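Please read the structure below before turning to the comments.
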Amino acid sequence: MTRSNEEKPENEGAGEGVAEPDPVLAELDRLRAREDELLRALAEQQNVVRRRRQEMETSVRYAQESLLQDLLPVLDDFERAVEAMKRHGDEAIRSGIAMVYERFLRTLEKQGLEAIRPRPGESFNPDLHDALAQRPAAGSPAGTVLDVAQPGYRLRDRVLRHAKVVVAGPADSDEVAPVAGDNAP
């Protein structure tokens with residue numbers, strides 16, 4: 001009695017080689033891989049949204065940075081005018097200019113501007129100060145601020161302009177020497 005190929009029992013040929021994978025398991029593996037891809041894509045999308053939101057917040061936070069940098073010379077001129085008016089001029093004009101200066105300064109401070117005004121004897125900080133010169137000073141340790149030539153300013157946590165200072169140097173030299181790394185000739 002001969003059987004045709006269609007009538008072979010299921011267990012015949014099972015020991016001959018590799019059994020065919022179950023199609024349900026193969027489909028389950030494919031779906032798991034697809035789910036993993038989708039979860040990764042979703043995570044990446046959330047990261048992009050988060051980065052864009054942070055960039056937007058930073059842009060808004062520092063949007064007026066350029067304007068404030070342009071106003072710093074005006075603030076310097078106001079300070080010089082107030083100082084000059086202390087020595088000369090009418091009391092009414094002096095108080096008027098001082099009042100306008102104070103109002104201008106308060107307005108800039110409301111926008112996040114903060115002055116960097118190191119005191120004599122304070123340690124030199126290259127993150128906040130720009131050393132114009134170095135000179136020996138009796139009684140002042142090397143690396144401390146002796147004089148402030150121009151105040152610096154920062155907007156929140158960013159320095160807009162470093163304070164320009166003269167720094168105490170070694171006590172053995174009598175002449176004023178430029179600080180290493182300055183662009184001065």
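Residue names in the structure tokens use chain letters A, B, ... in the order shown, residue numbers from 1 in each chain, and ligand numbers from 1 in the order shown.
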Spatial neighbours of Gly139 in chain A, max dist 12 Å, only C-alpha atoms, sep filter under 3 positions, as a list in words: Pro120, Gly121, Pro136, Ala142, Thr144, Leu146, Ala168, Gly169, Pro170 and Ala171 of chain A
Please report, as a tab-separated table, each residue of range 114-184 of chain A lying at most 12 Å from range 68-81 of chain A, together with the nearest pair of atoms and the separation in Å rounded to one decimal; use only C-alpha atoms, and order rows by chain and ascending residue number.
residue	atom	partner	partner_atom	distance
A:Glu114	CA	A:Leu68	CA	11.0
A:Ala115	CA	A:Leu72	CA	10.4
A:Ala149	CA	A:Asp76	CA	11.3
A:Gln150	CA	A:Asp76	CA	8.3
A:Pro151	CA	A:Asp76	CA	8.6
A:Gly152	CA	A:Leu72	CA	9.2
A:Tyr153	CA	A:Leu72	CA	8.2
A:Arg154	CA	A:Gln69	CA	9.6
A:Leu155	CA	A:Leu68	CA	8.4
A:Arg156	CA	A:Leu68	CA	11.9
A:Arg158	CA	A:Gln69	CA	11.6
A:Val159	CA	A:Gln69	CA	10.3
A:Leu160	CA	A:Gln69	CA	6.5
A:Arg161	CA	A:Gln69	CA	8.0
A:His162	CA	A:Leu72	CA	11.7
Write out as number ranges by chain all residues of range 75-146 of chain A that DSSP puts in helix (DSSP H, G or I) for this structure's backbone. A: 75-87, 91-110
Could you pull out all residues of range 29-136 of chain A with a DSSP call of strand (DSSP E) and give them as a PyMOL selection string? chain A and resi 113-116+129-136
Could you give me, as a VMD selection string, the residues within 10 Å of range 92-98 of chain A, counting only C-alpha atoms and dropping anything in the same chain fewer than 4 positions from it? chain A and resid 78 to 79 81 to 88 102 to 104
Store the residues picked out above, limited to C-alpha atoms, as an mmCIF file, in the first residue's frame.
data_model
loop_
_atom_site.group_PDB
_atom_site.id
_atom_site.type_symbol
_atom_site.label_atom_id
_atom_site.label_comp_id
_atom_site.auth_asym_id
_atom_site.auth_seq_id
_atom_site.Cartn_x
_atom_site.Cartn_y
_atom_site.Cartn_z
ATOM 1 C CA PHE A 78 25.200 108.700 32.604
ATOM 2 C CA GLU A 79 27.582 107.648 35.390
ATOM 3 C CA ALA A 81 27.706 112.851 33.858
ATOM 4 C CA VAL A 82 26.539 112.284 37.434
ATOM 5 C CA GLU A 83 30.154 112.324 38.660
ATOM 6 C CA ALA A 84 30.929 115.504 36.678
ATOM 7 C CA MET A 85 27.805 117.202 37.983
ATOM 8 C CA LYS A 86 28.924 116.572 41.574
ATOM 9 C CA ARG A 87 31.838 118.937 41.012
ATOM 10 C CA HIS A 88 30.088 121.515 38.828
ATOM 11 C CA GLU A 102 18.588 106.143 38.884
ATOM 12 C CA ARG A 103 15.366 105.546 36.975
ATOM 13 C CA PHE A 104 17.268 104.282 33.945
#
Surrounding residues of Leu128 in chain A excluding itself and chain neighbours under 2 positions, 7 Å, only C-alpha atoms, as a VMD selection string: chain A and resid 125 to 126 162 to 163
Can I get the selection written as a PDB file, in the first residue's frame, with C-alpha atoms?
ATOM      1  CA  ASN A 125      38.125  86.449  38.997  1.00  0.00           C
ATOM      2  CA  PRO A 126      38.731  85.966  35.246  1.00  0.00           C
ATOM      3  CA  HIS A 162      33.662  92.031  32.226  1.00  0.00           C
ATOM      4  CA  ALA A 163      34.679  94.629  34.821  1.00  0.00           C
TER       5      ALA A 163
END
